[in-house]
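Okay, upload27.cif is below, mmCIF, C-alpha atoms:
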```cif
data_data
#
loop_
_atom_site.label_atom_id
_atom_site.label_comp_id
_atom_site.auth_asym_id
_atom_site.auth_seq_id
_atom_site.Cartn_x
_atom_site.Cartn_y
_atom_site.Cartn_z
CA MET A 1 2.93 12.90 16.65
CA MET A 2 1.80 9.36 17.41
CA TRP A 3 2.85 7.95 20.78
CA ARG A 4 3.21 4.26 21.45
CA SER A 5 1.61 2.81 24.57
CA ASN A 6 5.08 2.17 26.06
CA SER A 7 6.21 5.75 25.37
CA ILE A 8 7.23 7.81 28.41
CA PHE A 9 5.26 10.78 27.05
CA PHE A 10 2.17 8.63 26.56
CA GLN A 11 2.40 7.22 30.08
CA ILE A 12 2.93 10.66 31.65
CA THR A 13 -0.02 12.08 29.70
CA THR A 14 -2.19 9.13 30.77
CA LEU A 15 -1.25 9.63 34.42
CA PHE A 16 -1.93 13.37 34.11
CA LEU A 17 -5.38 12.77 32.59
CA PHE A 18 -6.19 10.32 35.36
CA ALA A 19 -5.10 12.82 38.02
CA PHE A 20 -6.92 15.67 36.25
CA ILE A 21 -10.20 13.72 36.00
CA SER A 22 -9.86 12.65 39.64
CA CYS A 23 -9.34 16.26 40.62
CA LEU A 24 -12.46 17.31 38.69
CA VAL A 25 -14.52 14.59 40.39
CA PHE A 26 -13.15 15.79 43.74
CA ALA A 27 -14.03 19.36 42.79
CA LEU A 28 -17.57 18.39 41.78
CA PHE A 29 -18.07 16.68 45.10
CA PHE A 30 -16.88 19.62 47.18
CA THR A 31 -18.60 22.34 45.16
CA LYS A 32 -21.93 20.66 44.48
CA ILE A 33 -22.56 17.83 46.90
CA GLN A 34 -20.52 18.60 50.00
CA PRO A 35 -22.06 22.10 50.58
CA SER A 36 -25.56 20.61 50.65
CA ILE A 37 -24.44 17.86 53.02
CA GLU A 38 -22.77 20.36 55.36
CA SER A 39 -25.76 22.72 55.29
CA ILE A 40 -28.23 19.94 56.07
CA ARG A 41 -25.96 18.78 58.89
CA GLN A 42 -25.94 22.27 60.40
CA TYR A 43 -29.73 22.56 60.06
CA ASN A 44 -30.16 19.15 61.74
CA VAL A 45 -28.12 20.38 64.70
CA ILE A 46 -30.48 23.36 65.09
CA VAL A 47 -33.58 21.18 64.73
CA ASN A 48 -32.26 18.72 67.34
CA ALA A 49 -31.60 21.63 69.69
CA ILE A 50 -35.16 22.87 69.20
CA GLY A 51 -36.45 19.34 69.82
CA LYS A 52 -34.66 19.25 73.18
CA MET A 53 -36.08 22.67 74.02
CA ARG A 54 -39.57 21.32 73.29
CA GLN A 55 -39.03 18.64 75.89
CA PHE A 56 -38.94 21.41 78.47
CA ASN A 57 -42.17 22.99 77.12
CA VAL A 58 -40.38 26.00 75.66
CA SER A 59 -42.79 28.39 73.98
CA LEU A 60 -42.88 29.24 70.27
CA SER A 61 -41.67 32.76 70.92
CA GLU A 62 -38.61 31.42 72.75
CA ILE A 63 -37.88 29.03 69.87
CA ARG A 64 -38.13 31.95 67.43
CA SER A 65 -35.76 33.95 69.61
CA PHE A 66 -33.32 31.02 69.62
CA LEU A 67 -33.40 30.82 65.85
CA GLU A 68 -32.75 34.55 65.54
CA GLU A 69 -29.81 34.21 67.95
CA GLU A 70 -28.43 31.49 65.66
CA SER A 71 -28.53 33.93 62.71
CA PHE A 72 -31.73 32.59 61.22
CA HIS A 73 -34.34 35.02 59.95
CA GLU A 74 -37.98 34.60 59.04
CA VAL A 75 -38.79 34.59 55.35
CA SER A 76 -42.16 35.03 53.75
CA ALA A 77 -43.12 31.84 51.97
CA ARG A 78 -44.72 32.19 48.58
CA GLN A 79 -48.08 30.59 48.10
CA GLU A 80 -46.85 28.24 45.40
CA TRP A 81 -44.05 27.17 47.75
CA LEU A 82 -46.57 26.51 50.52
CA ASP A 83 -48.78 24.58 48.14
CA LYS A 84 -45.79 22.49 47.06
CA TYR A 85 -44.52 21.54 50.53
CA ALA A 86 -47.55 21.93 52.82
CA ALA A 87 -48.63 18.37 52.18
CA SER A 88 -45.23 17.06 53.29
CA ILE A 89 -45.39 18.97 56.58
CA PRO A 90 -47.78 17.20 58.97
CA SER A 91 -50.26 19.41 60.81
CA PRO A 92 -49.76 19.38 64.63
CA THR A 93 -52.39 19.20 67.36
CA MET A 94 -54.10 22.31 68.60
CA SER A 95 -51.26 23.35 70.92
CA GLY A 96 -48.51 21.40 69.21
CA LEU A 97 -45.60 22.36 66.98
CA ASN A 98 -43.97 20.43 64.14
CA ILE A 99 -40.45 21.22 62.99
CA ASN A 100 -39.16 20.20 59.52
CA ILE A 101 -36.21 20.80 57.23
CA ILE A 102 -37.15 21.51 53.59
CA GLN A 103 -34.63 21.73 50.73
CA ASP A 104 -35.73 23.63 47.64
CA GLY A 105 -32.95 23.51 45.05
CA ASN A 106 -29.90 25.07 46.69
CA ASP A 107 -32.01 26.66 49.45
CA ILE A 108 -32.65 24.97 52.81
CA PHE A 109 -35.37 26.09 55.25
CA ILE A 110 -36.50 25.28 58.78
CA VAL A 111 -40.30 25.17 58.82
CA LEU A 112 -42.26 25.61 62.05
CA ARG A 113 -45.87 24.56 61.66
CA THR A 114 -48.50 25.24 64.25
CA SER A 115 -52.16 24.39 64.01
CA GLN A 116 -52.85 27.86 62.62
CA ASN A 117 -49.75 28.99 60.79
CA ILE A 118 -46.56 28.00 58.90
CA ILE A 119 -43.42 29.93 59.80
CA VAL A 120 -40.31 29.61 57.56
CA TYR A 121 -36.75 30.39 58.68
CA GLN A 122 -33.53 30.48 56.71
CA ASP A 123 -29.92 30.92 57.74
CA SER A 124 -29.05 34.58 57.14
CA VAL A 125 -25.31 33.86 57.04
CA SER A 126 -24.43 32.22 53.75
CA VAL A 127 -21.94 29.40 54.07
CA LYS A 128 -18.56 30.40 52.62
CA TRP A 129 -17.66 27.61 50.24
CA SER A 130 -15.19 29.79 48.34
CA LYS A 131 -12.32 28.19 50.25
CA TYR A 132 -13.10 24.92 48.47
CA HIS A 133 -13.22 26.66 45.09
CA ILE A 134 -9.87 28.34 45.69
CA ALA A 135 -8.26 25.09 46.89
CA ILE A 136 -9.58 23.17 43.88
CA PHE A 137 -8.45 25.90 41.48
CA ILE A 138 -4.97 25.89 43.00
CA CYS A 139 -4.87 22.08 42.81
CA ILE A 140 -5.84 22.02 39.11
CA MET A 141 -3.44 24.82 38.18
CA THR A 142 -0.61 23.12 40.07
CA LEU A 143 -1.33 19.86 38.24
CA ILE A 144 -1.30 21.59 34.84
CA ILE A 145 1.92 23.49 35.63
CA VAL A 146 3.63 20.27 36.79
CA TYR A 147 2.55 18.49 33.60
CA ILE A 148 3.72 21.31 31.30
CA THR A 149 7.03 21.64 33.19
CA LEU A 150 7.64 17.90 33.09
CA MET A 151 6.87 17.63 29.37
CA ARG A 152 9.14 20.59 28.62
CA ARG A 153 11.97 19.01 30.61
CA LEU A 154 11.52 15.74 28.71
CA LYS A 155 11.16 17.43 25.31
CA PRO A 156 14.90 17.00 24.53
CA LEU A 157 14.35 13.22 24.50
CA ASN A 158 12.19 13.57 21.38
CA LYS A 159 14.78 15.77 19.69
CA ILE A 160 17.59 13.38 20.62
CA LYS A 161 15.58 10.42 19.33
CA ASN A 162 14.99 12.23 16.03
CA GLU A 163 18.71 13.02 15.69
CA ILE A 164 19.68 9.39 16.33
CA THR A 165 16.97 8.18 13.91
CA GLU A 166 18.39 10.51 11.25
CA MET A 167 21.88 9.09 11.93
CA ALA A 168 20.57 5.56 11.39
CA ARG A 169 18.77 6.62 8.20
CA SER A 170 21.74 8.46 6.72
CA ASN A 171 24.29 6.02 8.19
CA ILE A 172 26.37 8.98 9.42
CA PHE A 173 27.50 8.81 13.04
CA LYS A 174 27.94 12.26 14.61
CA LYS A 175 27.62 14.14 17.87
CA LEU A 176 24.24 15.13 19.24
CA VAL A 177 23.48 18.84 19.27
CA TYR A 178 20.20 19.17 21.15
CA GLY A 179 20.47 18.98 24.93
CA ALA A 180 24.28 19.04 25.04
CA LYS A 181 24.26 22.16 27.27
CA ASN A 182 21.56 20.93 29.65
CA ARG A 183 22.62 20.59 33.28
CA ASP A 184 20.27 17.74 34.06
CA GLU A 185 20.54 13.98 33.50
CA ILE A 186 19.52 14.35 29.84
CA GLY A 187 22.46 16.72 29.29
CA GLU A 188 24.80 14.24 30.99
CA LEU A 189 23.47 11.46 28.75
CA VAL A 190 24.06 13.56 25.60
CA ARG A 191 27.58 14.49 26.68
CA GLU A 192 28.45 10.85 27.41
CA PHE A 193 27.04 9.87 24.01
CA ASN A 194 29.16 12.55 22.34
CA ARG A 195 32.26 11.31 24.17
CA CYS A 196 31.56 7.82 22.80
CA VAL A 197 31.19 9.31 19.30
CA THR A 198 34.56 11.03 19.67
CA LYS A 199 36.22 7.75 20.72
CA LEU A 200 34.56 5.83 17.89
CA ASP A 201 35.64 8.48 15.38
CA SER A 202 39.18 8.17 16.68
CA LEU A 203 39.07 4.38 16.36
CA SER A 204 37.60 4.63 12.87
CA GLN A 205 40.32 7.04 11.78
CA SER A 206 42.97 4.77 13.28
CA ARG A 207 41.54 1.78 11.44
CA THR A 208 41.39 3.70 8.17
CA LEU A 209 44.98 4.88 8.60
CA PHE A 210 46.06 1.33 9.44
CA LEU A 211 44.35 -0.12 6.37
CA ARG A 212 45.79 2.53 4.09
CA SER A 213 49.25 2.01 5.52
CA ILE A 214 49.02 -1.77 5.12
CA MET A 215 47.75 -1.47 1.55
CA HIS A 216 50.48 1.02 0.71
CA GLU A 217 53.19 -1.15 2.23
CA LEU A 218 51.92 -4.30 0.45
CA LYS A 219 51.56 -2.70 -2.96
CA THR A 220 55.32 -2.25 -3.40
CA PRO A 221 56.44 -5.85 -2.67
CA ILE A 222 53.53 -7.26 -4.70
CA THR A 223 54.48 -5.11 -7.68
CA LYS A 224 58.13 -6.08 -7.36
CA GLY A 225 57.23 -9.75 -7.00
CA ARG A 226 54.99 -9.57 -10.07
CA ILE A 227 57.82 -8.04 -12.11
CA SER A 228 60.30 -10.65 -10.84
CA ALA A 229 57.89 -13.47 -11.71
CA GLU A 230 57.80 -12.28 -15.32
CA MET A 231 61.56 -12.90 -15.52
CA LEU A 232 61.35 -16.61 -14.66
CA LEU A 233 62.25 -19.01 -17.44
CA ASP A 234 60.14 -21.88 -16.14
CA GLU A 235 56.73 -21.13 -17.66
CA LYS A 236 54.85 -23.29 -15.15
CA GLN A 237 56.44 -21.62 -12.12
CA LYS A 238 56.07 -18.26 -13.80
CA ALA A 239 52.32 -18.76 -14.31
CA ARG A 240 51.80 -19.90 -10.73
CA LEU A 241 53.66 -16.91 -9.25
CA ILE A 242 51.87 -14.45 -11.53
CA ASP A 243 48.51 -15.92 -10.39
CA VAL A 244 49.55 -15.57 -6.73
CA PHE A 245 50.61 -11.94 -7.14
CA ASP A 246 47.49 -11.14 -9.17
CA ARG A 247 45.37 -12.67 -6.39
CA LEU A 248 47.18 -10.60 -3.77
CA ASN A 249 46.70 -7.46 -5.84
CA THR A 250 42.98 -8.24 -6.20
CA LEU A 251 42.72 -8.66 -2.43
CA ILE A 252 44.39 -5.28 -1.87
CA ASN A 253 41.90 -3.69 -4.29
CA GLU A 254 39.02 -5.27 -2.35
CA PHE A 255 40.39 -3.82 0.86
CA ALA A 256 40.56 -0.43 -0.84
CA LYS A 257 36.88 -0.61 -1.82
CA ILE A 258 35.82 -1.60 1.71
CA GLU A 259 37.93 1.20 3.20
CA GLU A 260 36.22 3.66 0.83
CA LEU A 261 32.79 2.32 1.81
CA SER A 262 33.60 2.56 5.52
CA SER A 263 34.91 6.12 5.20
CA LYS A 264 31.93 7.14 2.98
CA ASN A 265 34.30 8.06 0.14
CA TYR A 266 33.08 5.46 -2.34
CA CYS A 267 31.16 6.89 -5.29
CA LEU A 268 28.25 4.46 -5.71
CA LYS A 269 26.94 4.09 -9.27
CA LYS A 270 23.88 1.87 -9.59
CA VAL A 271 23.07 1.15 -13.23
CA ASP A 272 21.33 -1.54 -15.27
CA ILE A 273 23.75 -4.44 -15.79
CA LEU A 274 23.40 -7.86 -17.34
CA LEU A 275 23.94 -10.47 -14.65
CA THR A 276 26.12 -12.55 -16.94
CA GLU A 277 28.64 -9.72 -17.16
CA VAL A 278 28.85 -9.37 -13.38
CA VAL A 279 29.23 -13.15 -12.91
CA ASN A 280 31.96 -13.28 -15.56
CA GLU A 281 33.80 -10.47 -13.76
CA ALA A 282 33.47 -12.34 -10.44
CA MET A 283 34.89 -15.48 -12.10
CA ARG A 284 37.76 -13.45 -13.52
CA MET A 285 38.50 -12.14 -10.02
CA LEU A 286 38.48 -15.75 -8.79
CA MET A 287 40.67 -16.71 -11.77
CA ILE A 288 38.09 -19.23 -12.95
CA ASP A 289 37.51 -19.83 -16.62
CA PRO A 290 33.85 -18.84 -17.36
CA SER A 291 33.52 -21.89 -19.60
CA ASN A 292 34.47 -24.25 -16.81
CA GLN A 293 31.04 -25.67 -15.94
CA ASN A 294 32.57 -28.28 -13.64
CA ILE A 295 33.08 -25.72 -10.88
CA ILE A 296 30.23 -23.24 -11.29
CA THR A 297 26.76 -23.91 -12.68
CA PHE A 298 25.06 -20.69 -13.82
CA ILE A 299 21.28 -20.95 -14.39
CA HIS A 300 19.91 -17.73 -15.86
CA ASN A 301 17.69 -16.14 -18.49
CA ASN A 302 19.65 -13.06 -19.54
CA ASP A 303 18.67 -11.36 -16.30
CA LEU A 304 19.09 -7.65 -15.70
CA ILE A 305 20.08 -6.20 -12.32
CA LYS A 306 20.42 -2.63 -11.06
CA ALA A 307 23.59 -2.33 -9.01
CA ASP A 308 27.10 -0.96 -8.80
CA PHE A 309 29.08 -3.18 -11.18
CA ASN A 310 32.33 -3.34 -9.19
CA LEU A 311 30.67 -3.83 -5.79
CA PHE A 312 28.22 -6.44 -7.03
CA ALA A 313 31.01 -8.36 -8.74
CA LEU A 314 32.91 -8.25 -5.45
CA ILE A 315 29.83 -9.61 -3.63
CA ILE A 316 29.37 -12.52 -6.04
CA LYS A 317 33.11 -13.23 -6.03
CA ASN A 318 33.18 -13.62 -2.21
CA LEU A 319 29.96 -15.67 -2.09
CA LEU A 320 31.26 -17.97 -4.83
CA ASP A 321 34.64 -18.24 -3.12
CA ASN A 322 32.97 -19.35 0.12
CA ALA A 323 30.57 -21.66 -1.70
CA ILE A 324 33.38 -23.48 -3.50
CA LYS A 325 35.70 -23.47 -0.48
CA TYR A 326 33.18 -24.96 1.97
CA SER A 327 31.23 -27.30 -0.33
CA VAL A 328 31.63 -31.07 -0.21
CA ASP A 329 32.19 -31.29 -3.98
CA SER A 330 34.07 -27.98 -4.59
CA LYS A 331 31.21 -26.73 -6.74
CA ALA A 332 28.74 -23.85 -6.62
CA VAL A 333 25.43 -23.01 -8.30
CA ILE A 334 24.21 -19.53 -9.33
CA GLU A 335 20.48 -19.35 -9.96
CA VAL A 336 17.82 -16.66 -10.46
CA LYS A 337 14.35 -17.08 -8.98
CA HIS A 338 11.90 -14.29 -9.68
CA HIS A 339 13.68 -11.14 -8.44
CA ASP A 340 16.21 -12.92 -6.23
CA LEU A 341 19.75 -14.15 -6.95
CA LEU A 342 20.68 -17.45 -5.27
CA ILE A 343 24.19 -18.80 -4.73
CA LYS A 344 24.18 -22.40 -3.50
CA ASN A 345 26.60 -25.10 -2.49
CA MET A 346 26.20 -28.64 -1.23
CA GLY A 347 27.51 -28.99 2.30
CA ASN A 348 26.79 -28.86 6.00
CA PRO A 349 24.52 -26.08 7.31
CA LEU A 350 25.92 -23.06 9.09
CA THR A 351 26.52 -23.77 12.76
CA LEU A 352 25.80 -20.16 13.85
CA ASP A 353 23.34 -17.46 12.93
CA ILE A 354 24.34 -15.79 9.67
CA THR A 355 24.70 -12.39 11.39
CA GLN A 356 27.70 -13.80 13.29
CA TYR A 357 29.54 -14.35 10.00
CA PHE A 358 29.09 -10.68 9.06
CA LYS A 359 31.57 -9.60 11.74
CA PRO A 360 35.03 -8.63 10.47
CA TYR A 361 37.81 -11.16 11.17
CA PHE A 362 35.19 -13.71 12.23
CA LYS A 363 36.49 -17.18 13.05
CA ASN A 364 34.16 -20.07 13.74
CA VAL A 365 35.38 -21.66 16.98
CA LYS A 366 33.46 -24.80 16.03
CA ASN A 367 35.55 -25.05 12.86
CA PRO A 368 39.12 -24.02 13.75
CA THR A 369 40.48 -25.35 10.45
CA SER A 370 38.42 -22.88 8.40
CA GLN A 371 40.41 -20.97 5.81
CA GLY A 372 40.73 -17.25 5.21
CA PHE A 373 40.84 -14.16 7.41
CA GLY A 374 37.12 -13.97 8.19
CA LEU A 375 36.57 -10.95 5.93
CA GLY A 376 34.58 -12.46 3.05
CA MET A 377 31.09 -12.18 4.55
CA TYR A 378 31.95 -8.82 6.13
CA ILE A 379 32.84 -7.52 2.65
CA VAL A 380 29.59 -9.00 1.26
CA LYS A 381 27.43 -7.42 3.98
CA THR A 382 29.12 -4.01 3.74
CA SER A 383 28.78 -3.95 -0.06
CA LEU A 384 25.13 -5.04 0.06
CA ASP A 385 24.24 -2.44 2.69
CA ALA A 386 25.79 0.29 0.56
CA GLN A 387 23.38 -0.67 -2.26
CA ASN A 388 20.35 -1.27 0.00
CA PHE A 389 20.24 -5.00 -0.76
CA GLU A 390 19.40 -7.71 1.78
CA LEU A 391 21.08 -11.09 2.19
CA LYS A 392 19.07 -14.08 3.43
CA TYR A 393 20.22 -17.61 4.23
CA LYS A 394 18.46 -20.96 4.31
CA TYR A 395 19.44 -24.63 4.28
CA GLU A 396 17.33 -26.84 2.01
CA ASP A 397 17.75 -30.32 0.55
CA GLY A 398 21.43 -30.48 1.55
CA TYR A 399 22.24 -27.07 0.06
CA ASN A 400 23.40 -23.88 1.74
CA ILE A 401 21.49 -21.14 -0.10
CA PHE A 402 22.49 -17.46 0.09
CA ILE A 403 19.80 -15.18 -1.36
CA ILE A 404 20.32 -11.58 -2.49
CA LYS A 405 16.78 -10.21 -2.33
CA ASP A 406 15.12 -8.10 -5.05
CA CYS A 407 18.24 -7.39 -7.10
CA VAL A 408 16.89 -8.71 -10.42
CA ILE A 409 14.73 -6.15 -12.20
CA GLU A 410 14.10 -7.97 -15.50
CA SER A 411 14.57 -11.37 -17.15
CA PHE A 412 14.88 -12.51 -20.79
CA CYS A 413 16.65 -9.29 -21.78
CA ASP A 414 17.94 -8.39 -25.22
CA ILE A 415 21.70 -8.62 -24.69
CA GLU A 416 22.58 -6.17 -27.43
CA SER A 417 20.22 -3.40 -26.27
CA LYS A 418 20.48 -3.87 -22.51
CA SER A 419 24.19 -4.29 -21.96
CA LYS A 420 25.78 -1.29 -20.22
CA TYR A 421 29.29 -2.72 -19.94
CA LEU A 422 31.49 -4.03 -22.71
CA LYS A 423 33.65 -7.04 -21.97
CA ARG A 424 37.00 -5.71 -20.83
#
```
Translate this file's structure into structure tokens.
Amino acid sequence: MMWRSNSIFFQITTLFLFAFISCLVFALFFTKIQPSIESIRQYNVIVNAIGKMRQFNVSLSEIRSFLEEESFHEVSARQEWLDKYAASIPSPTMSGLNINIIQDGNDIFIVLRTSQNIIVYQDSVSVKWSKYHIAIFICIMTLIIVYITLMRRLKPLNKIKNEITEMARSNIFKKLVYGAKNRDEIGELVREFNRCVTKLDSLSQSRTLFLRSIMHELKTPITKGRISAEMLLDEKQKARLIDVFDRLNTLINEFAKIEELSSKNYCLKKVDILLTEVVNEAMRMLMIDPSNQNIITFIHNNDLIKADFNLFALIIKNLLDNAIKYSVDSKAVIEVKHHDLLIKNMGNPLTLDITQYFKPYFKNVKNPTSQGFGLGMYIVKTSLDAQNFELKYKYEDGYNIFIIKDCVIESFCDIESKSKYLKR
């Protein structure tokens, strides 16, 4: 598992390693260096005491007795040892005495040198440094136990993160399982998260029920109105009313698709489709004659896309509807560039970030006269997300350009062999 530098686990591990290395340095000092320093300090105290005794002309035998009282004992010096250190021990006068401290590896000696002999003493009581070893061992073990305990207590965070990541990947919002029974702050966090999930589920169900109820209630009067319109004698009025009721029925069907997408009940079918067929369907939904080039300019090369036919037609329909509605000349342009589909209109640039327009029931406060219910771009975004497409926006040369990225898989297709949908 790779940890980022700002990860809690990475920072805790870094602090632990710093503390562990510091502890080892401390241990090295007190097990290797400090014992030698303490021993030499003790030997210096003895040597200073002997030096003061010499000021009072104390004899060699009395000095030797003093050393034995201080738990020092005479050791026989090997010849090679004497050859090694004799040169560093100055020879005294005939009746004199020189006292030196010699360290040989881990051993420390007090050397008494007379004019005729070299006498070597060593402390017979070994210094007990085990207390340092025990303290250091306890310190290191405590540090390791604290680290392991802390990492185990924080382990649920990784599990929770993985669960939430899986939710984002699968787009399914559900309660967290790991850590829900913990009695610490992590458990409290999980339980609060699960309470939020319960509330959101309740709101989602209420919204779904509301939409279904509204659609059900509207279907009946629309159907009755459509039937009544057929009975009118005035053909012009009849045509207008039929168009109105057909438009209302189309809107209800769009709501039904969005409700199915939101509730994860929509059966997505991505297949190869000729773009011309999808655009013609979108124009039919807008009740625009495909041959009417005065409203929509379609620049294409028999392009093939891979998408859900109904959802993609709904996307283009809403983008075209907005493009025509908010253009300065009531016209829109559909164009293919490489693998992207562009829908353009001439007009003023968006006043807000495009993500703001994706919100349901969005109303631009800077344009209070804007038409519609603020659902068009919400429907577009929801339908694109369901098909893993991305929508980009840019303003260039006086045109608002909405780009559906990487939806075109082939251009210059053979219409007869590539078409998956017959004109209905």
Could you state the separation of atom CA of Glu235 of chain A and atom CA of Arg247 of chain A in Å, given to one decimal place?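 Interatomic distance here is 18.1 Å.
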Have a look at atom CA of Lys317 of chain A and atom CA of Cys267 of chain A and let me know their distance in Å, one decimal. 20.2 Å
Calculated over only C-alpha atoms, which of the candidates A:Arg41, A:Lys236, A:Lys52, A:Lys181 has the smallest distance to Ile101 of chain A? A:Arg41
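Atom CA of Asp272 of chain A is positioned 13.5 Å from atom CA of Ala313 of chain A.
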Give me, as a PDB file with C-alpha atoms, in the coordinates of the input, all polymer residues having an atom no more than 12 Å from His300 of chain A, counting only C-alpha atoms and skipping those fewer than 3 positions away in the same chain.
```pdb
ATOM      1  CA  LEU A 274      23.400  -7.860 -17.340  1.00  0.00           C
ATOM      2  CA  LEU A 275      23.940 -10.470 -14.650  1.00  0.00           C
ATOM      3  CA  THR A 276      26.120 -12.550 -16.940  1.00  0.00           C
ATOM      4  CA  GLU A 277      28.640  -9.720 -17.160  1.00  0.00           C
ATOM      5  CA  VAL A 279      29.230 -13.150 -12.910  1.00  0.00           C
ATOM      6  CA  THR A 297      26.760 -23.910 -12.680  1.00  0.00           C
ATOM      7  CA  ASP A 303      18.670 -11.360 -16.300  1.00  0.00           C
ATOM      8  CA  LEU A 304      19.090  -7.650 -15.700  1.00  0.00           C
ATOM      9  CA  VAL A 333      25.430 -23.010  -8.300  1.00  0.00           C
ATOM     10  CA  ILE A 334      24.210 -19.530  -9.330  1.00  0.00           C
ATOM     11  CA  GLU A 335      20.480 -19.350  -9.960  1.00  0.00           C
ATOM     12  CA  VAL A 336      17.820 -16.660 -10.460  1.00  0.00           C
ATOM     13  CA  LYS A 337      14.350 -17.080  -8.980  1.00  0.00           C
ATOM     14  CA  HIS A 338      11.900 -14.290  -9.680  1.00  0.00           C
ATOM     15  CA  HIS A 339      13.680 -11.140  -8.440  1.00  0.00           C
ATOM     16  CA  ASP A 340      16.210 -12.920  -6.230  1.00  0.00           C
ATOM     17  CA  LEU A 341      19.750 -14.150  -6.950  1.00  0.00           C
ATOM     18  CA  LEU A 342      20.680 -17.450  -5.270  1.00  0.00           C
ATOM     19  CA  ILE A 343      24.190 -18.800  -4.730  1.00  0.00           C
ATOM     20  CA  VAL A 408      16.890  -8.710 -10.420  1.00  0.00           C
ATOM     21  CA  GLU A 410      14.100  -7.970 -15.500  1.00  0.00           C
ATOM     22  CA  SER A 411      14.570 -11.370 -17.150  1.00  0.00           C
ATOM     23  CA  PHE A 412      14.880 -12.510 -20.790  1.00  0.00           C
ATOM     24  CA  CYS A 413      16.650  -9.290 -21.780  1.00  0.00           C
TER      25      CYS A 413
END
```
Spatial neighbours of segment 397-401 of chain A, 9 Å, all atoms listed in the file, chain gap at least 3 places, as a CSV table (one decimal) with C-alpha atoms, in the coordinates of the input:
```csv
chain,number,residue,atom,x,y,z
A,323,ALA,CA,30.6,-21.7,-1.7
A,327,SER,CA,31.2,-27.3,-0.3
A,342,LEU,CA,20.7,-17.4,-5.3
A,343,ILE,CA,24.2,-18.8,-4.7
A,344,LYS,CA,24.2,-22.4,-3.5
A,345,ASN,CA,26.6,-25.1,-2.5
A,346,MET,CA,26.2,-28.6,-1.2
A,347,GLY,CA,27.5,-29.0,2.3
A,348,ASN,CA,26.8,-28.9,6.0
A,349,PRO,CA,24.5,-26.1,7.3
A,350,LEU,CA,25.9,-23.1,9.1
A,392,LYS,CA,19.1,-14.1,3.4
A,393,TYR,CA,20.2,-17.6,4.2
A,394,LYS,CA,18.5,-21.0,4.3
```
Scan for residues within 7 Å of the point (35.6, -3.9, -1.4) in the coordinates of the file, using only C-alpha atoms, and reply as a ChimeraX atom specification. /A:253-258,311,314,379,383
Written file, previous selection with C-alpha atoms, as an mmCIF file, keeping the file's coordinate frame:
```cif
data_model
loop_
_atom_site.group_PDB
_atom_site.id
_atom_site.type_symbol
_atom_site.label_atom_id
_atom_site.label_comp_id
_atom_site.auth_asym_id
_atom_site.auth_seq_id
_atom_site.Cartn_x
_atom_site.Cartn_y
_atom_site.Cartn_z
ATOM 1 C CA ASN A 253 41.900 -3.690 -4.290
ATOM 2 C CA GLU A 254 39.020 -5.270 -2.350
ATOM 3 C CA PHE A 255 40.390 -3.820 0.860
ATOM 4 C CA ALA A 256 40.560 -0.430 -0.840
ATOM 5 C CA LYS A 257 36.880 -0.610 -1.820
ATOM 6 C CA ILE A 258 35.820 -1.600 1.710
ATOM 7 C CA LEU A 311 30.670 -3.830 -5.790
ATOM 8 C CA LEU A 314 32.910 -8.250 -5.450
ATOM 9 C CA ILE A 379 32.840 -7.520 2.650
ATOM 10 C CA SER A 383 28.780 -3.950 -0.060
#
```
Using only C-alpha atoms, the shortest atom-to-atom distance to Gln11 of chain A among A:Tyr326, A:Phe26, A:Tyr147, A:Phe173 belongs to A:Tyr147
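Minimum atom-to-atom distances from A:Gly376, A:Ile145, A:Ile409, A:Glu260 to Asn302 of chain A were compared using all atoms listed in the file, and the lowest value belongs to A:Ile409.
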On this file, the PyMOL selection byres ((chain A and resi 120) around 8) gives some set of residues; write that set as a PyMOL selection string. chain A and resi 74-77+109-112+118-119+121-122
As a check of understanding, name the residues that the PyMOL selection byres ((chain A and resi 196-207) around 10) selects in the supplied structure, as a compact mmCIF listing (two decimals) with C-alpha atoms, in the coordinates of the input.
```txt
# COMPACT_ATOMS: atom_id res chain seq x y z
CA PHE A 173 27.50 8.81 13.04
CA LYS A 174 27.94 12.26 14.61
CA LYS A 175 27.62 14.14 17.87
CA LEU A 176 24.24 15.13 19.24
CA VAL A 190 24.06 13.56 25.60
CA ARG A 191 27.58 14.49 26.68
CA GLU A 192 28.45 10.85 27.41
CA PHE A 193 27.04 9.87 24.01
CA ASN A 194 29.16 12.55 22.34
CA ARG A 195 32.26 11.31 24.17
CA THR A 208 41.39 3.70 8.17
CA LEU A 209 44.98 4.88 8.60
CA PHE A 210 46.06 1.33 9.44
CA LEU A 211 44.35 -0.12 6.37
CA ARG A 212 45.79 2.53 4.09
CA SER A 213 49.25 2.01 5.52
CA GLU A 259 37.93 1.20 3.20
CA SER A 262 33.60 2.56 5.52
CA SER A 263 34.91 6.12 5.20
```
Residues within 12 Å of Asp246 of chain A, please, as an MDAnalysis selection string. Count only C-alpha atoms; anything in the same chain fewer than 3 positions from it doesn't count. chainID A and resid 219 222:227 229 239:243 249:253 284:287
